[in-house]
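protein.cif (mmCIF, C-alpha atoms and all ligand atoms) appears below.
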data_coords
loop_
_atom_site.label_atom_id
_atom_site.label_comp_id
_atom_site.auth_asym_id
_atom_site.auth_seq_id
_atom_site.Cartn_x
_atom_site.Cartn_y
_atom_site.Cartn_z
CA MET W 1 49.79 -49.46 -63.70
CA ALA W 2 52.51 -47.93 -65.88
CA LYS W 3 50.87 -44.53 -65.50
CA LEU W 4 50.72 -44.90 -61.73
CA GLN W 5 54.34 -46.04 -61.59
CA ALA W 6 55.43 -42.92 -63.44
CA LYS W 7 53.23 -40.63 -61.35
CA TYR W 8 53.97 -42.11 -57.91
CA SER W 9 57.40 -43.65 -58.44
CA GLN W 10 58.38 -43.14 -54.78
CA GLU W 11 55.25 -44.75 -53.34
CA LYS W 12 56.40 -48.37 -53.30
CA GLU W 13 53.84 -49.83 -50.88
CA TYR W 14 50.94 -48.11 -52.61
CA LEU W 15 52.09 -49.37 -56.02
CA GLN W 16 52.54 -52.90 -54.61
CA ALA W 17 48.99 -52.98 -53.20
CA VAL W 18 47.45 -51.61 -56.41
CA GLN W 19 49.44 -54.01 -58.62
CA GLU W 20 48.20 -57.04 -56.69
CA VAL W 21 44.56 -56.00 -57.01
CA LEU W 22 44.77 -55.00 -60.69
CA GLU W 23 46.43 -58.31 -61.61
CA SER W 24 43.70 -60.21 -59.77
CA ILE W 25 40.77 -58.39 -61.36
CA GLU W 26 42.09 -58.10 -64.93
CA ASP W 27 40.00 -60.93 -66.41
CA VAL W 28 36.80 -59.91 -64.65
CA TYR W 29 37.32 -56.27 -65.58
CA ASN W 30 37.71 -57.14 -69.23
CA GLN W 31 34.39 -59.00 -69.14
CA HIS W 32 32.60 -55.82 -68.01
CA PRO W 33 32.88 -53.05 -70.62
CA GLU W 34 30.63 -50.84 -68.45
CA PHE W 35 33.43 -50.66 -65.84
CA GLU W 36 35.91 -49.56 -68.48
CA LYS W 37 33.46 -46.98 -69.86
CA ALA W 38 33.03 -45.41 -66.40
CA LYS W 39 36.81 -45.57 -65.84
CA ILE W 40 36.24 -47.44 -62.58
CA VAL W 41 39.90 -48.48 -62.13
CA GLU W 42 41.27 -44.99 -62.80
CA ARG W 43 38.87 -43.61 -60.17
CA LEU W 44 39.29 -46.43 -57.67
CA VAL W 45 43.08 -46.16 -57.37
CA GLU W 46 43.00 -42.51 -56.31
CA PRO W 47 41.87 -41.58 -52.79
CA ASP W 48 38.84 -39.28 -52.60
CA ARG W 49 40.96 -36.89 -50.52
CA ILE W 50 43.96 -36.73 -48.18
CA PHE W 51 44.23 -34.44 -45.18
CA THR W 52 47.76 -33.59 -44.03
CA PHE W 53 48.41 -31.63 -40.87
CA ARG W 54 51.13 -30.62 -38.42
CA VAL W 55 50.91 -32.00 -34.88
CA THR W 56 52.89 -30.12 -32.26
CA TRP W 57 53.13 -31.31 -28.65
CA ILE W 58 55.42 -31.04 -25.63
CA ASP W 59 57.42 -34.02 -24.37
CA ASP W 60 58.19 -34.89 -20.73
CA LYS W 61 61.42 -32.84 -20.84
CA GLY W 62 59.44 -29.76 -21.80
CA GLU W 63 60.75 -29.82 -25.36
CA VAL W 64 58.50 -28.97 -28.29
CA GLN W 65 58.03 -31.83 -30.77
CA THR W 66 56.48 -31.69 -34.22
CA ASN W 67 55.07 -34.62 -36.20
CA LEU W 68 52.95 -34.99 -39.31
CA GLY W 69 49.38 -36.28 -39.19
CA TYR W 70 47.26 -37.65 -42.03
CA ARG W 71 43.81 -38.95 -42.85
CA VAL W 72 43.35 -40.64 -46.23
CA GLN W 73 39.64 -40.87 -47.13
CA PHE W 74 39.96 -43.42 -49.86
CA ASN W 75 36.55 -44.53 -51.06
CA SER W 76 32.96 -43.99 -49.91
CA ALA W 77 31.10 -46.06 -52.52
CA ILE W 78 29.53 -48.46 -50.03
CA GLY W 79 29.44 -46.38 -46.83
CA PRO W 80 31.15 -43.76 -44.68
CA TYR W 81 34.95 -43.79 -44.53
CA LYS W 82 36.22 -46.40 -42.06
CA GLY W 83 39.69 -47.53 -41.09
CA GLY W 84 42.39 -47.36 -38.46
CA LEU W 85 45.03 -44.88 -37.36
CA ARG W 86 48.67 -45.97 -37.39
CA PHE W 87 51.28 -44.29 -35.17
CA HIS W 88 54.71 -45.47 -36.31
CA LYS W 89 57.94 -43.69 -37.14
CA ALA W 90 57.88 -45.01 -40.73
CA VAL W 91 54.39 -43.67 -41.59
CA THR W 92 54.28 -41.86 -44.94
CA PRO W 93 51.46 -40.91 -47.31
CA SER W 94 52.43 -43.96 -49.42
CA MET W 95 51.93 -46.29 -46.46
CA LEU W 96 48.55 -44.79 -45.61
CA LYS W 97 47.46 -44.81 -49.26
CA PHE W 98 48.24 -48.52 -49.52
CA LEU W 99 46.39 -49.18 -46.27
CA GLY W 100 43.38 -47.07 -47.32
CA PHE W 101 43.26 -48.84 -50.69
CA GLU W 102 43.38 -52.28 -49.02
CA GLN W 103 40.80 -51.16 -46.47
CA THR W 104 38.33 -50.31 -49.24
CA PHE W 105 38.27 -53.92 -50.50
CA LYS W 106 38.50 -55.45 -47.03
CA ASN W 107 35.54 -53.45 -45.79
CA ALA W 108 33.58 -54.52 -48.86
CA LEU W 109 34.25 -58.15 -47.91
CA THR W 110 32.86 -57.74 -44.38
CA THR W 111 29.25 -57.66 -45.67
CA LEU W 112 28.79 -54.34 -43.78
CA PRO W 113 28.30 -50.88 -45.39
CA MET W 114 31.68 -49.21 -44.79
CA GLY W 115 33.94 -47.27 -47.16
CA GLY W 116 37.74 -47.30 -46.90
CA ALA W 117 40.09 -44.92 -45.05
CA LYS W 118 43.33 -44.87 -43.08
CA GLY W 119 45.22 -42.30 -41.12
CA GLY W 120 48.00 -41.81 -38.64
CA SER W 121 51.26 -40.11 -37.90
CA ASP W 122 55.03 -40.55 -38.01
CA PHE W 123 54.92 -40.19 -34.19
CA ASP W 124 57.02 -43.01 -32.67
CA PRO W 125 55.36 -44.44 -29.53
CA VAL W 126 58.47 -46.47 -28.61
CA GLY W 127 59.85 -45.24 -25.29
CA LYS W 128 57.09 -42.67 -24.74
CA SER W 129 55.39 -42.23 -21.35
CA ASP W 130 51.61 -42.42 -20.88
CA ALA W 131 51.54 -38.64 -20.44
CA GLU W 132 53.41 -38.11 -23.71
CA ILE W 133 51.03 -40.48 -25.51
CA MET W 134 48.09 -38.50 -24.11
CA ARG W 135 49.48 -35.11 -25.13
CA PHE W 136 50.27 -36.37 -28.60
CA CYS W 137 46.78 -37.90 -29.06
CA GLN W 138 45.17 -34.64 -27.91
CA ALA W 139 47.29 -32.56 -30.29
CA PHE W 140 46.52 -34.99 -33.14
CA MET W 141 42.78 -34.68 -32.49
CA LEU W 142 42.98 -30.86 -32.55
CA GLU W 143 43.28 -31.26 -36.33
CA LEU W 144 41.57 -34.59 -37.01
CA TRP W 145 38.21 -33.74 -35.43
CA LYS W 146 37.17 -31.54 -38.37
CA CYS W 147 37.63 -34.45 -40.79
CA ILE W 148 35.63 -37.14 -38.98
CA GLY W 149 32.12 -37.89 -37.70
CA PRO W 150 29.91 -40.91 -36.94
CA ASP W 151 28.30 -40.73 -40.40
CA GLN W 152 31.32 -39.34 -42.27
CA ASP W 153 34.53 -41.05 -41.22
CA ILE W 154 35.09 -43.37 -38.26
CA PRO W 155 38.73 -44.03 -37.28
CA ALA W 156 39.92 -46.89 -35.05
CA GLY W 157 43.25 -48.38 -33.98
CA ASP W 158 46.06 -49.91 -36.00
CA VAL W 159 49.77 -50.37 -35.28
CA GLY W 160 50.66 -48.11 -32.31
CA VAL W 161 47.04 -47.21 -31.57
CA GLY W 162 45.06 -49.33 -29.09
CA GLY W 163 42.43 -48.80 -26.42
CA ARG W 164 44.54 -46.31 -24.47
CA GLU W 165 45.08 -44.06 -27.50
CA ILE W 166 41.43 -44.30 -28.61
CA GLY W 167 40.46 -43.13 -25.09
CA PHE W 168 42.67 -40.05 -25.28
CA LEU W 169 41.50 -39.31 -28.83
CA TYR W 170 37.82 -39.61 -27.92
CA GLY W 171 38.22 -37.42 -24.82
CA MET W 172 39.63 -34.59 -26.94
CA TYR W 173 37.07 -35.10 -29.73
CA LYS W 174 34.23 -34.56 -27.22
CA LYS W 175 35.78 -31.33 -25.94
CA LEU W 176 36.23 -29.93 -29.43
CA ALA W 177 33.09 -31.10 -31.20
CA ARG W 178 30.66 -30.97 -28.27
CA GLU W 179 29.26 -34.15 -29.79
CA TYR W 180 28.69 -37.08 -27.49
CA ASN W 181 28.01 -39.69 -30.14
CA THR W 182 30.47 -42.45 -29.27
CA GLY W 183 30.14 -43.83 -32.82
CA VAL W 184 32.81 -41.41 -34.11
CA LEU W 185 35.61 -43.85 -33.15
CA THR W 186 35.69 -47.62 -32.67
CA GLY W 187 37.84 -49.71 -30.37
CA LYS W 188 36.56 -47.75 -27.38
CA GLY W 189 36.61 -48.92 -23.75
CA ALA W 190 33.88 -51.39 -22.80
CA THR W 191 32.23 -48.94 -20.35
CA TRP W 192 31.80 -46.11 -22.88
CA GLY W 193 30.46 -47.64 -26.07
CA GLY W 194 33.23 -50.08 -26.97
CA SER W 195 32.12 -53.43 -28.31
CA ILE W 196 32.86 -56.50 -26.27
CA LEU W 197 35.39 -58.60 -28.25
CA ARG W 198 36.67 -55.71 -30.43
CA PRO W 199 40.20 -56.08 -28.93
CA GLU W 200 40.18 -59.82 -29.70
CA ALA W 201 38.33 -59.57 -33.02
CA THR W 202 41.17 -59.31 -35.56
CA GLY W 203 43.01 -62.32 -34.15
CA PHE W 204 39.86 -64.35 -33.46
CA GLY W 205 38.49 -63.63 -36.92
CA ALA W 206 41.82 -64.63 -38.49
CA LEU W 207 41.70 -67.99 -36.76
CA TYR W 208 38.05 -68.55 -37.76
CA PHE W 209 39.06 -67.84 -41.35
CA THR W 210 42.04 -70.20 -41.05
CA GLN W 211 39.70 -72.91 -39.72
CA HIS W 212 37.42 -72.55 -42.76
CA LEU W 213 40.38 -72.62 -45.12
CA LEU W 214 41.80 -75.75 -43.48
CA HIS W 215 38.40 -77.43 -43.41
CA LYS W 216 37.94 -76.77 -47.12
CA ALA W 217 41.35 -78.40 -47.70
CA GLY W 218 40.36 -81.42 -45.57
CA LYS W 219 42.61 -80.44 -42.66
CA ASP W 220 42.20 -79.52 -39.00
CA ILE W 221 44.03 -77.00 -36.79
CA GLN W 222 43.97 -79.25 -33.70
CA GLY W 223 47.51 -80.18 -32.64
CA LYS W 224 49.24 -78.11 -35.36
CA THR W 225 52.22 -75.89 -34.64
CA VAL W 226 51.81 -72.16 -35.32
CA ALA W 227 54.54 -69.52 -35.66
CA LEU W 228 53.29 -65.98 -35.49
CA SER W 229 55.03 -62.64 -35.66
CA GLY W 230 54.64 -59.63 -33.42
CA PHE W 231 53.27 -59.45 -29.89
CA GLY W 232 50.75 -56.63 -30.22
CA ASN W 233 46.99 -56.63 -30.18
CA VAL W 234 46.59 -58.75 -33.32
CA ALA W 235 49.20 -61.36 -32.33
CA TRP W 236 47.63 -61.51 -28.85
CA GLY W 237 44.16 -62.26 -30.24
CA ALA W 238 45.53 -64.80 -32.71
CA ALA W 239 47.56 -66.60 -30.02
CA THR W 240 44.54 -66.69 -27.69
CA LYS W 241 42.24 -68.26 -30.27
CA ALA W 242 44.88 -70.59 -31.74
CA LYS W 243 45.48 -72.02 -28.27
CA GLN W 244 41.73 -72.33 -27.61
CA LEU W 245 41.35 -74.28 -30.85
CA GLY W 246 44.03 -76.76 -29.80
CA ALA W 247 46.97 -75.46 -31.84
CA LYS W 248 50.41 -74.96 -30.33
CA VAL W 249 51.88 -71.44 -30.70
CA ILE W 250 55.63 -72.02 -30.76
CA ALA W 251 56.99 -68.60 -31.79
CA ILE W 252 56.30 -64.91 -31.37
CA SER W 253 58.60 -62.10 -32.48
CA GLY W 254 59.47 -58.43 -32.31
CA PRO W 255 61.80 -55.98 -34.04
CA ASP W 256 64.59 -57.29 -31.78
CA GLY W 257 64.26 -61.00 -32.67
CA VAL W 258 62.23 -64.16 -32.07
CA CYS W 259 61.07 -66.00 -28.95
CA GLN W 260 60.76 -69.73 -29.44
CA ILE W 261 58.31 -71.49 -27.14
CA PRO W 262 58.83 -75.22 -27.82
CA ASP W 263 56.05 -76.45 -25.47
CA GLY W 264 53.55 -73.91 -26.78
CA ILE W 265 52.45 -70.56 -25.41
CA THR W 266 50.68 -70.55 -22.01
CA ASP W 267 47.79 -68.37 -20.83
CA GLU W 268 50.19 -66.47 -18.54
CA MET W 269 52.44 -65.70 -21.50
CA ILE W 270 49.48 -64.54 -23.58
CA ASP W 271 48.49 -62.17 -20.74
CA TYR W 272 52.07 -60.94 -20.56
CA MET W 273 51.94 -59.90 -24.24
CA LEU W 274 49.55 -57.13 -23.12
CA VAL W 275 52.01 -55.93 -20.48
CA MET W 276 54.82 -55.93 -23.04
CA ARG W 277 52.75 -53.90 -25.50
CA ALA W 278 51.63 -51.36 -22.89
CA SER W 279 55.25 -50.83 -21.79
CA ASN W 280 56.11 -49.25 -25.19
CA ARG W 281 59.51 -50.98 -25.01
CA ASN W 282 58.85 -52.89 -28.25
CA LYS W 283 61.10 -55.81 -27.21
CA VAL W 284 59.99 -59.45 -27.47
CA GLU W 285 63.05 -60.42 -25.44
CA ASP W 286 61.02 -59.35 -22.39
CA MET W 287 59.00 -62.57 -22.76
CA ALA W 288 62.14 -64.73 -22.36
CA VAL W 289 63.28 -62.63 -19.41
CA LYS W 290 59.91 -63.13 -17.69
CA PHE W 291 59.57 -66.86 -18.59
CA PRO W 292 63.18 -68.12 -18.88
CA GLU W 293 62.19 -71.82 -18.62
CA LEU W 294 59.59 -71.62 -21.40
CA ALA W 295 60.84 -69.12 -23.96
CA LYS W 296 64.19 -68.83 -25.71
CA PHE W 297 65.11 -65.50 -27.32
CA THR W 298 67.29 -65.30 -30.44
CA PRO W 299 68.23 -61.77 -31.51
CA GLY W 300 67.92 -60.72 -35.13
CA LYS W 301 65.86 -63.75 -36.24
CA LYS W 302 62.27 -63.85 -37.49
CA SER W 303 59.52 -66.32 -36.62
CA TRP W 304 59.89 -67.70 -40.15
CA SER W 305 63.13 -69.42 -39.13
CA VAL W 306 61.13 -71.66 -36.75
CA LYS W 307 59.84 -75.04 -37.98
CA CYS W 308 56.01 -74.91 -37.98
CA ASP W 309 52.89 -76.15 -39.78
CA ILE W 310 51.18 -72.79 -40.06
CA ALA W 311 52.74 -69.31 -40.37
CA LEU W 312 50.70 -66.29 -39.29
CA PRO W 313 52.31 -62.90 -40.01
CA CYS W 314 50.64 -60.55 -37.48
CA ALA W 315 52.92 -57.50 -37.44
CA PHE W 316 53.70 -55.25 -40.43
CA GLN W 317 53.66 -55.04 -44.20
CA ASN W 318 56.30 -57.00 -46.12
CA GLU W 319 57.44 -58.76 -42.95
CA LEU W 320 57.67 -62.11 -44.78
CA ASN W 321 59.77 -62.05 -47.97
CA GLY W 322 60.62 -64.57 -50.68
CA ASP W 323 63.59 -65.98 -48.75
CA ASP W 324 61.46 -66.36 -45.62
CA ALA W 325 58.82 -68.22 -47.65
CA LYS W 326 61.49 -70.59 -49.01
CA GLU W 327 62.85 -71.20 -45.51
CA LEU W 328 59.37 -71.96 -44.17
CA ILE W 329 58.65 -74.38 -47.01
CA ALA W 330 62.01 -76.11 -46.53
CA ASN W 331 61.05 -76.57 -42.87
CA GLY W 332 57.71 -78.17 -43.77
CA THR W 333 55.22 -75.26 -43.44
CA TRP W 334 52.10 -75.96 -45.52
CA CYS W 335 49.83 -73.00 -44.70
CA CYS W 336 50.28 -69.23 -44.37
CA CYS W 337 47.40 -66.92 -43.51
CA GLU W 338 48.38 -63.27 -43.71
CA VAL W 339 46.98 -61.49 -40.66
CA SER W 340 48.91 -58.23 -41.03
CA ASN W 341 48.01 -55.93 -43.91
CA MET W 342 50.13 -56.97 -46.95
CA GLY W 343 52.38 -58.96 -44.59
CA CYS W 344 53.91 -60.96 -47.46
CA THR W 345 55.94 -59.56 -50.35
CA PRO W 346 54.80 -60.44 -53.90
CA GLU W 347 57.78 -62.86 -54.09
CA ALA W 348 56.62 -64.61 -50.91
CA ILE W 349 53.06 -64.98 -52.21
CA HIS W 350 54.36 -66.31 -55.53
CA THR W 351 56.63 -68.78 -53.72
CA PHE W 352 53.76 -70.04 -51.56
CA GLN W 353 51.32 -70.34 -54.44
CA SER W 354 53.73 -72.04 -56.85
CA ASN W 355 54.63 -74.59 -54.16
CA GLY W 356 51.01 -75.48 -53.42
CA ILE W 357 51.06 -73.90 -49.95
CA LEU W 358 47.63 -72.87 -48.65
CA PHE W 359 47.75 -69.05 -48.67
CA ALA W 360 45.17 -66.39 -47.91
CA PRO W 361 45.64 -62.59 -48.05
CA GLY W 362 45.31 -60.10 -45.20
CA LYS W 363 42.28 -58.29 -46.55
CA ALA W 364 40.24 -61.49 -46.12
CA VAL W 365 41.99 -63.01 -43.08
CA ASN W 366 42.13 -59.89 -40.89
CA ALA W 367 38.75 -58.39 -41.83
CA GLY W 368 37.22 -59.54 -38.53
CA GLY W 369 38.77 -56.50 -36.85
CA VAL W 370 37.05 -53.86 -38.92
CA ALA W 371 33.93 -56.03 -39.15
CA THR W 372 33.65 -55.91 -35.37
CA SER W 373 34.24 -52.16 -35.56
CA GLY W 374 31.20 -52.14 -37.86
CA LEU W 375 29.28 -54.06 -35.19
CA GLU W 376 30.44 -51.49 -32.63
CA MET W 377 29.03 -48.72 -34.84
CA THR W 378 25.71 -50.57 -35.04
CA GLN W 379 25.54 -50.89 -31.25
CA ASN W 380 26.43 -47.19 -30.80
CA ALA W 381 23.84 -46.05 -33.37
CA SER W 382 21.11 -48.07 -31.65
CA HIS W 383 22.33 -47.27 -28.10
CA ILE W 384 22.64 -50.91 -27.10
CA SER W 385 25.35 -53.36 -26.10
CA TRP W 386 25.54 -56.94 -27.28
CA SER W 387 26.93 -59.82 -25.20
CA ALA W 388 30.23 -61.50 -26.04
CA GLN W 389 28.28 -64.45 -27.42
CA GLU W 390 26.22 -62.25 -29.73
CA VAL W 391 29.31 -60.47 -31.09
CA ASP W 392 31.22 -63.74 -31.47
CA ASP W 393 28.32 -65.34 -33.36
CA LYS W 394 28.17 -62.38 -35.74
CA LEU W 395 31.97 -62.43 -36.19
CA HIS W 396 31.82 -66.17 -36.95
CA PHE W 397 29.11 -65.60 -39.55
CA ILE W 398 31.05 -62.75 -41.19
CA MET W 399 34.29 -64.75 -41.42
CA GLN W 400 32.39 -67.66 -42.93
CA SER W 401 30.80 -65.29 -45.48
CA ILE W 402 34.21 -63.87 -46.39
CA HIS W 403 35.59 -67.37 -46.87
CA GLU W 404 32.61 -68.28 -49.08
CA ALA W 405 33.12 -65.12 -51.17
CA CYS W 406 36.80 -66.07 -51.67
CA VAL W 407 35.78 -69.57 -52.76
CA LYS W 408 33.10 -68.21 -55.10
CA TYR W 409 35.39 -65.78 -56.89
CA GLY W 410 38.69 -67.61 -56.44
CA THR W 411 37.99 -71.17 -57.58
CA GLN W 412 40.10 -71.81 -60.67
CA PRO W 413 39.22 -74.03 -63.66
CA ASP W 414 41.42 -76.83 -62.23
CA GLY W 415 39.47 -76.69 -58.95
CA HIS W 416 42.09 -75.12 -56.71
CA ILE W 417 41.19 -71.95 -54.81
CA ASP W 418 43.22 -68.79 -55.35
CA TYR W 419 42.33 -66.83 -52.21
CA VAL W 420 44.19 -63.72 -53.42
CA LYS W 421 42.09 -63.52 -56.56
CA GLY W 422 38.96 -64.52 -54.69
CA ALA W 423 39.28 -61.76 -52.08
CA ASN W 424 40.28 -59.09 -54.57
CA ILE W 425 37.56 -59.89 -57.10
CA ALA W 426 34.82 -60.20 -54.45
CA GLY W 427 35.77 -56.85 -52.89
CA PHE W 428 36.20 -55.16 -56.25
CA MET W 429 32.84 -56.31 -57.66
CA LYS W 430 30.98 -54.82 -54.73
CA VAL W 431 32.79 -51.46 -54.78
CA ALA W 432 32.78 -51.17 -58.59
CA THR W 433 29.07 -51.94 -58.84
CA ALA W 434 28.27 -49.31 -56.21
CA MET W 435 30.43 -46.73 -58.02
CA LEU W 436 28.72 -47.50 -61.30
CA GLU W 437 25.26 -47.10 -59.81
CA GLN W 438 26.17 -43.73 -58.23
CA GLY W 439 27.21 -42.09 -61.51
CA ILE W 440 30.33 -40.17 -62.46
CA ILE W 441 31.34 -38.31 -59.29
O1 LIG L 501 43.57 -52.72 -40.72
C1 LIG L 501 42.47 -52.72 -40.15
O2 LIG L 501 41.47 -53.27 -40.65
C2 LIG L 501 42.35 -52.01 -38.87
N1 LIG L 501 43.36 -51.49 -38.41
C3 LIG L 501 41.03 -51.90 -38.17
C4 LIG L 501 40.24 -50.78 -38.73
C5 LIG L 501 38.94 -50.49 -38.01
O3 LIG L 501 38.31 -49.50 -38.41
O4 LIG L 501 38.56 -51.22 -37.10
#

Structure encoded using C-alpha cells:
Amino acid sequence: MAKLQAKYSQEKEYLQAVQEVLESIEDVYNQHPEFEKAKIVERLVEPDRIFTFRVTWIDDKGEVQTNLGYRVQFNSAIGPYKGGLRFHKAVTPSMLKFLGFEQTFKNALTTLPMGGAKGGSDFDPVGKSDAEIMRFCQAFMLELWKCIGPDQDIPAGDVGVGGREIGFLYGMYKKLAREYNTGVLTGKGATWGGSILRPEATGFGALYFTQHLLHKAGKDIQGKTVALSGFGNVAWGAATKAKQLGAKVIAISGPDGVCQIPDGITDEMIDYMLVMRASNRNKVEDMAVKFPELAKFTPGKKSWSVKCDIALPCAFQNELNGDDAKELIANGTWCCCEVSNMGCTPEAIHTFQSNGILFAPGKAVNAGGVATSGLEMTQNASHISWSAQEVDDKLHFIMQSIHEACVKYGTQPDGHIDYVKGANIAGFMKVATAMLEQGII
C-alpha cells in the first residue's frame, strides 16, 4: 500500500478502493504463502492495460469539442474483460482504475466467468441534446471499437450511459467492425439482443440482497422506510423493487438537493424518474415541480438528512461520508446497503460497523447489474431470449449465492457477519486462485 501511495499519490479513489480490499484480505493472504510467492497482490492491483484516446465531435452550435476517452482492462483471470462505461465530467484515470479494480472482484462474486474492466469519458451529458449525445457516442466508438469484442471486452452502461447511449455506440460499432454479434455490448434494447430486466437488474438485485441480509438478521423489509440517493437507472430499479416488497421510499436526491416524499413514492413518480433522467437536466427538483402535493424539495441537502430505517446510496462514489453516517444513526437508521460503487467513505463504513449498523458493500449489493449483463451475453451467444421470469429467477439465485459467499467468508469468531470482508475475500479467492493456476503472465 505504501508503495502504491508513493507511486500514485494523486489517484485518491483508486488508492481508497485498493486499501479497503487489501485490509480485508490480509489475514487470508498471510495463510497462503503460494499467493505471496506468485506476487498475486502486486499483479492484481495493476490493470492489465489502459487505452487512452481523444474524442472529437461537433456540438449543436457547430463548435468543435474535444474530450478524453478511456478503457481500463483490469483483469482477465476468470473471463473476458467486462464492465461499464461512465460519461461524467469528473472522469479521470483514477476513477476508472478504482471502478475497474472493484469490477474485478464484483464480477468474481456473480458466479459467472467475467473479468474486470471499466471505461468512459470526461464528456458531460448534462444539458446535451439527443443529437449531441449521438455524435459523441459515435466519435467515442471510432476509437473504442478496436479495443473490444464479444470474447475480448464487453462494455455496458454506468453513470451517464444508458440504453440510448448503448444504442448509438452499437450502431457505430457495427459500421466500423462489420461484425453483427450483439454480444459486444450489454444493456442493449429489448428488440436487438438486450436482456429483459437488464435495466431493472442493478436495483432489483440490490433489493434481493438487502432482503437476504435482513432475513439473516431476523428482520423484514415490509413497512420499513427507505431513503435512497439519485434518480437514475439504479435508483429507479431500487425504488421499483423496494415499493413492490412493501417498503416506503421516502427520499430521492440529485446534485441540486433532496426530495422528501413522506407518504412514499408512487408508481407515477417512479415512471417520472425515467423522464427526468432522459431530459439530461440532472435536477431532482423536477419531481417536486411535477408532484407538488407529494414531494417537497430542499436544495443543498442529501437523502441522509431524512429519518429512515434503511439508507440506499444509489448515485456516486463517496456520496455518504462519516458525518452523514452519524446523522443517519442519530435519526434511527439501522441498515445501509451500498448500491453505488464505493458509495460510502471509509469513515462512513467505520461509523456504521462500529455502531452495529447492518452494512453491505457495493461490490456485493450492486452485482446484479453486471450479473444480468452476463446473462445477456449468454443469450446473445446462444441466439435466444429468456422471459422476464427466467431472468428474474436467475438474478434471484445469483444474489442469494453472493449473500451466501459473504456469509461464508465474512462470519467473524464472535458470530457477526462482516459483509465488507466477506465480499472482498470471496472475490479475491476466486481471482487469485485463477491467476495462480494460469502461471506468471
Ligand atoms: O458498475 C457496474 O457493475 C456496472 N456499471 C454494470 C457493468 C456491466 O457490464 O453491466

Requested in this report: Can you work out which one of W:Thr202, W:Asn331, W:Thr225, W:Gln211 has the shortest atom-to-atom distance to ligand LIG 501 (chain L), counting only C-alpha atoms and all ligand atoms?
Outcome: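 When distances to ligand LIG 501 (chain L) are compared using only C-alpha atoms and all ligand atoms, the smallest one comes from W:Thr202.
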
Once you count only C-alpha atoms and all ligand atoms, what closest atom pair and distance in Å to one decimal does each residue of chain W within 8 Å of ligand LIG 501 (chain L) have, with rows by chain and rising residue number, as a tab-separated table?
residue	atom	partner	partner_atom	distance
W:Lys82	CA	L:LIG501	O3	5.2
W:Gly83	CA	L:LIG501	O3	3.6
W:Gly84	CA	L:LIG501	C4	4.0
W:Leu85	CA	L:LIG501	N1	6.9
W:Arg86	CA	L:LIG501	N1	7.7
W:Leu99	CA	L:LIG501	O1	7.2
W:Gln103	CA	L:LIG501	O2	6.2
W:Lys106	CA	L:LIG501	O2	7.4
W:Asn107	CA	L:LIG501	O2	7.8
W:Lys118	CA	L:LIG501	C4	8.0
W:Ile154	CA	L:LIG501	O3	6.9
W:Pro155	CA	L:LIG501	O3	5.6
W:Ala156	CA	L:LIG501	O3	4.5
W:Gly157	CA	L:LIG501	N1	5.4
W:Asp158	CA	L:LIG501	N1	3.9
W:Val159	CA	L:LIG501	N1	7.2
W:Thr186	CA	L:LIG501	O4	6.4
W:Gly187	CA	L:LIG501	O4	6.9
W:Thr202	CA	L:LIG501	C3	7.9
W:Ser340	CA	L:LIG501	O1	7.7
W:Asn341	CA	L:LIG501	O1	6.3
W:Lys363	CA	L:LIG501	O2	7.8
W:Asn366	CA	L:LIG501	O2	6.7
W:Ala367	CA	L:LIG501	O2	5.9
W:Gly368	CA	L:LIG501	O2	7.9
W:Gly369	CA	L:LIG501	O4	5.3
W:Val370	CA	L:LIG501	O4	3.5
W:Ala371	CA	L:LIG501	O4	7.0
W:Thr372	CA	L:LIG501	O4	7.0
W:Ser373	CA	L:LIG501	O4	4.7
W:Gly374	CA	L:LIG501	O4	7.5

Just-selected residues, C-alpha atoms written as a PDB file, in the coordinates of the input:
ATOM      1  CA  LYS W  82      36.220 -46.400 -42.060  1.00  0.00           C
ATOM      2  CA  GLY W  83      39.690 -47.530 -41.090  1.00  0.00           C
ATOM      3  CA  GLY W  84      42.390 -47.360 -38.460  1.00  0.00           C
ATOM      4  CA  LEU W  85      45.030 -44.880 -37.360  1.00  0.00           C
ATOM      5  CA  ARG W  86      48.670 -45.970 -37.390  1.00  0.00           C
ATOM      6  CA  LEU W  99      46.390 -49.180 -46.270  1.00  0.00           C
ATOM      7  CA  GLN W 103      40.800 -51.160 -46.470  1.00  0.00           C
ATOM      8  CA  LYS W 106      38.500 -55.450 -47.030  1.00  0.00           C
ATOM      9  CA  ASN W 107      35.540 -53.450 -45.790  1.00  0.00           C
ATOM     10  CA  LYS W 118      43.330 -44.870 -43.080  1.00  0.00           C
ATOM     11  CA  ILE W 154      35.090 -43.370 -38.260  1.00  0.00           C
ATOM     12  CA  PRO W 155      38.730 -44.030 -37.280  1.00  0.00           C
ATOM     13  CA  ALA W 156      39.920 -46.890 -35.050  1.00  0.00           C
ATOM     14  CA  GLY W 157      43.250 -48.380 -33.980  1.00  0.00           C
ATOM     15  CA  ASP W 158      46.060 -49.910 -36.000  1.00  0.00           C
ATOM     16  CA  VAL W 159      49.770 -50.370 -35.280  1.00  0.00           C
ATOM     17  CA  THR W 186      35.690 -47.620 -32.670  1.00  0.00           C
ATOM     18  CA  GLY W 187      37.840 -49.710 -30.370  1.00  0.00           C
ATOM     19  CA  THR W 202      41.170 -59.310 -35.560  1.00  0.00           C
ATOM     20  CA  SER W 340      48.910 -58.230 -41.030  1.00  0.00           C
ATOM     21  CA  ASN W 341      48.010 -55.930 -43.910  1.00  0.00           C
ATOM     22  CA  LYS W 363      42.280 -58.290 -46.550  1.00  0.00           C
ATOM     23  CA  ASN W 366      42.130 -59.890 -40.890  1.00  0.00           C
ATOM     24  CA  ALA W 367      38.750 -58.390 -41.830  1.00  0.00           C
ATOM     25  CA  GLY W 368      37.220 -59.540 -38.530  1.00  0.00           C
ATOM     26  CA  GLY W 369      38.770 -56.500 -36.850  1.00  0.00           C
ATOM     27  CA  VAL W 370      37.050 -53.860 -38.920  1.00  0.00           C
ATOM     28  CA  ALA W 371      33.930 -56.030 -39.150  1.00  0.00           C
ATOM     29  CA  THR W 372      33.650 -55.910 -35.370  1.00  0.00           C
ATOM     30  CA  SER W 373      34.240 -52.160 -35.560  1.00  0.00           C
ATOM     31  CA  GLY W 374      31.200 -52.140 -37.860  1.00  0.00           C
TER      32      GLY W 374
END

Query raised in the report: Do you have the atom CA of W:Ile78-atom CA of W:Ile398 distance handy?
Result: 16.9 Å
